[in-house]
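Colleague: One structure follows; several queries about it will come next.
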Amino acid sequence: MDIRKDALVQWARHCLEDMSGHSPVEGAIETVSGDASFRRYFRIRLNRALESDAELVSTQIGNCLQSTQFLLVDAPPEHEDCRQFVRIANMFRRAGLATPIVIEVDYEQGFMLLQDFGDSLYLPALQQGEHVDALYDAAMDSLIALQTGADCEVLPPYDRALLRKELDLFNVWFCHEFLGLSLSEQERDLLARTWTFLEDAALAQPQVAVHRDYHSRNLMIRDGSPDALPGVIDFQDAVVGANTYDLVSLLRDCYIVWPQERLEAWVMEFRQKAVANGLIEKGDETAESEFMRDFDLMGLQRHIKVIGIFCRLYLRDGKRRYMFDIPLVIDYVLTVAAKHPEMEEFLQWLRSKVLPLAQGKLAPILATEVNA
């Protein structure tokens with residue numbers, strides 16, 4: 001028996017009935033794939049569309065009620081902050097992004113009733129090579145809207161303390177907990193110096209609103225149109241940080257990899273959009289290479305911390321499927337670090353000591369079924 005699920009479904013039905021003038025709500029409930037948080041998602045498919053009571057709901061919500069399916073969110077309040085979710089969803093929408101409309105929310109129980117964007121994630125379309133340039137162009141336009149239109153004053157800073165906290169996930173969850181590696185004083189010093197270098201690089205970039213997980217599993221194709229701005233989800237951890245952070249999340253995705261030449265073309269396309277919208281200056285002939293360097297170093301910070309996060313999801317939360325993405329993320333770190341002399345000492349240590357251990361630990365996991 002799933003007490004929270006039953007309570008969520010009953011609550012959602014009552015909400016829909018109230019907003020439709022107490023018309024009975026009938027429909028099937030199905031489980032929707034979860035994410036890396038404690039949230040769970042369910043979908044209600046109604047037998048017929050509801051007629052909203054104009055006196056009870058806004059025009060925006062009334063339009064949502066014309067649909068026959070809605071998303072139900074179970075966000076246990078001891079782990080998740082629905083207030084932050086609602087606040088960021090509304091702020092991003094005001095900036096021009098397509099975030100799901102929050103139809104109703106119960107903060108005390110941790111229940112939300114949302115507009116349903118469906119199941120068309122970017123990732124399968126990208127993997128199949130369908131409308132790739134159009135999808136990325138739309139995603140970059142949405143990112144430009146975020147950086148130009150979001151109210152940064154209400155977002156927390158992606159400061160040195162947070163950057164270091166994230167990087168230290170590599171030390172704790174990958175090195176110590178997963179590999180069983182006890183770091184020496186010299187190794188801890190090496191990591192501290194490397195982390196400081198990456199933090200300095202991030203903090204030196206223009207600071208803008210950052211989604212913080214802007215990738216193909218959090219972007220959705222709306223209404224079957226790859227040219228439309230994507231539906232944006234999982235945005236509640238937004239901060240003010242480096243202007244390349246979301247771009248590297250998008251283009252050096254942890255779930256799909258592109259040839260370097262194609263990736264650099266997209267990076268420069270985004271840079272042109274940023275210049276045209278007054279986010280950065282056009283600069284001289286070295287500006288493009290400097291932007292690419294910023295992109296690289298921000299990606300190193302992100303991917304190093306992601307290795308730690310994936311191990312934590314596996315060891316603490318039992319979410320083993322993320323381990324199958326670690327080889328790609330490690331390859332990103334190796335390839336990008338090799339381009340920057342400041343990363344040489346860390347790279348040599350990673351290759352000589354860490355990777356042999358990691359290969360042995362990962363091999364039995366990768367030999368099993370992905371969804372097992």
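By order of appearance in the structure tokens: chains A, B, ..., then residues from 1 within every chain, and ligands from 1 in the order shown.
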Taking only residues of segment 16-116 of chain A that have an atom at most 12 Å from an atom of segment 202-222 of chain A, what is each one's shortest atom pair and its distance in Å to one decimal, using only C-alpha atoms, in chain and number order, as CSV?

Modeller:
```
residue,atom,partner,partner_atom,distance
A:Ser33,CA,A:Arg217,CA,10.9
A:Gly34,CA,A:Arg217,CA,10.9
A:Asp35,CA,A:Arg217,CA,9.1
A:Ala36,CA,A:Arg217,CA,10.9
A:Phe85,CA,A:His211,CA,11.9
A:Ile88,CA,A:His211,CA,9.5
A:Ala89,CA,A:His211,CA,10.8
A:Met91,CA,A:Ala209,CA,10.7
A:Phe92,CA,A:His211,CA,9.2
A:Ala95,CA,A:Ala209,CA,10.5
A:Leu97,CA,A:His211,CA,11.0
A:Ala98,CA,A:Arg222,CA,9.1
A:Thr99,CA,A:Leu219,CA,9.9
A:Pro100,CA,A:Met220,CA,10.8
A:Gln115,CA,A:Arg222,CA,12.0
A:Asp116,CA,A:Arg222,CA,10.1
```

Colleague: Keeping only C-alpha atoms, write the selected residues as an mmCIF file, in the first residue's frame.

Modeller:
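See part-v6.cif below for the written result:
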```cif
data_model
loop_
_atom_site.group_PDB
_atom_site.id
_atom_site.type_symbol
_atom_site.label_atom_id
_atom_site.label_comp_id
_atom_site.auth_asym_id
_atom_site.auth_seq_id
_atom_site.Cartn_x
_atom_site.Cartn_y
_atom_site.Cartn_z
ATOM 1 C CA SER A 33 9.698 8.030 -14.419
ATOM 2 C CA GLY A 34 11.291 9.808 -11.477
ATOM 3 C CA ASP A 35 14.481 11.848 -11.346
ATOM 4 C CA ALA A 36 17.562 12.080 -9.161
ATOM 5 C CA PHE A 85 9.780 25.032 -7.026
ATOM 6 C CA ILE A 88 11.348 29.498 -9.659
ATOM 7 C CA ALA A 89 8.699 28.130 -12.050
ATOM 8 C CA MET A 91 10.061 33.512 -12.288
ATOM 9 C CA PHE A 92 11.362 31.497 -15.234
ATOM 10 C CA ALA A 95 11.479 35.523 -18.208
ATOM 11 C CA LEU A 97 10.765 30.094 -20.555
ATOM 12 C CA ALA A 98 8.169 27.332 -20.874
ATOM 13 C CA THR A 99 7.898 25.917 -17.370
ATOM 14 C CA PRO A 100 4.895 23.838 -16.257
ATOM 15 C CA GLN A 115 0.497 21.153 -16.324
ATOM 16 C CA ASP A 116 1.690 18.040 -18.141
#
```

Colleague: I'd like the contact shell of segment 170-173 of chain A - 12 Å cut-off, only C-alpha atoms, skipping same-chain residues fewer than 6 positions apart - returned as a ChimeraX atom specification.

Modeller: /A:163-164,179-184,187-192,195,300-316,330,350,354

Colleague: Which distance in Å separates atom CA of Met112 of chain A and atom CA of Gln66 of chain A, to one decimal?

Modeller: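 Value for the atom CA of Met112 of chain A-atom CA of Gln66 of chain A distance: 18.1 Å.
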
Colleague: Can you pull out every residue within 12 Å of Met140 of chain A, counting only C-alpha atoms, but drop anything in the same chain fewer than 2 positions away, and send it as a ChimeraX atom specification?

Modeller: /A:97,133-138,142-147,214-215,219,227-230,244,246-251,266-274

Colleague: So how many Å separate atom CA of Glu345 of chain A and atom CA of Lys165 of chain A, to one decimal?

Modeller: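 Computed distance, atom CA of Glu345 of chain A to atom CA of Lys165 of chain A, equals 21.5 Å.
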
Colleague: From the options A:Val73, A:Leu162, A:Phe295, A:Arg94, which residue's atoms come nearest to Leu114 of chain A, counting only C-alpha atoms?

Modeller: A:Val73

Colleague: What is the atom CA of Glu26 of chain A-atom CA of Asn47 of chain A distance in Å, reported with one decimal?

Modeller: 6.0 Å
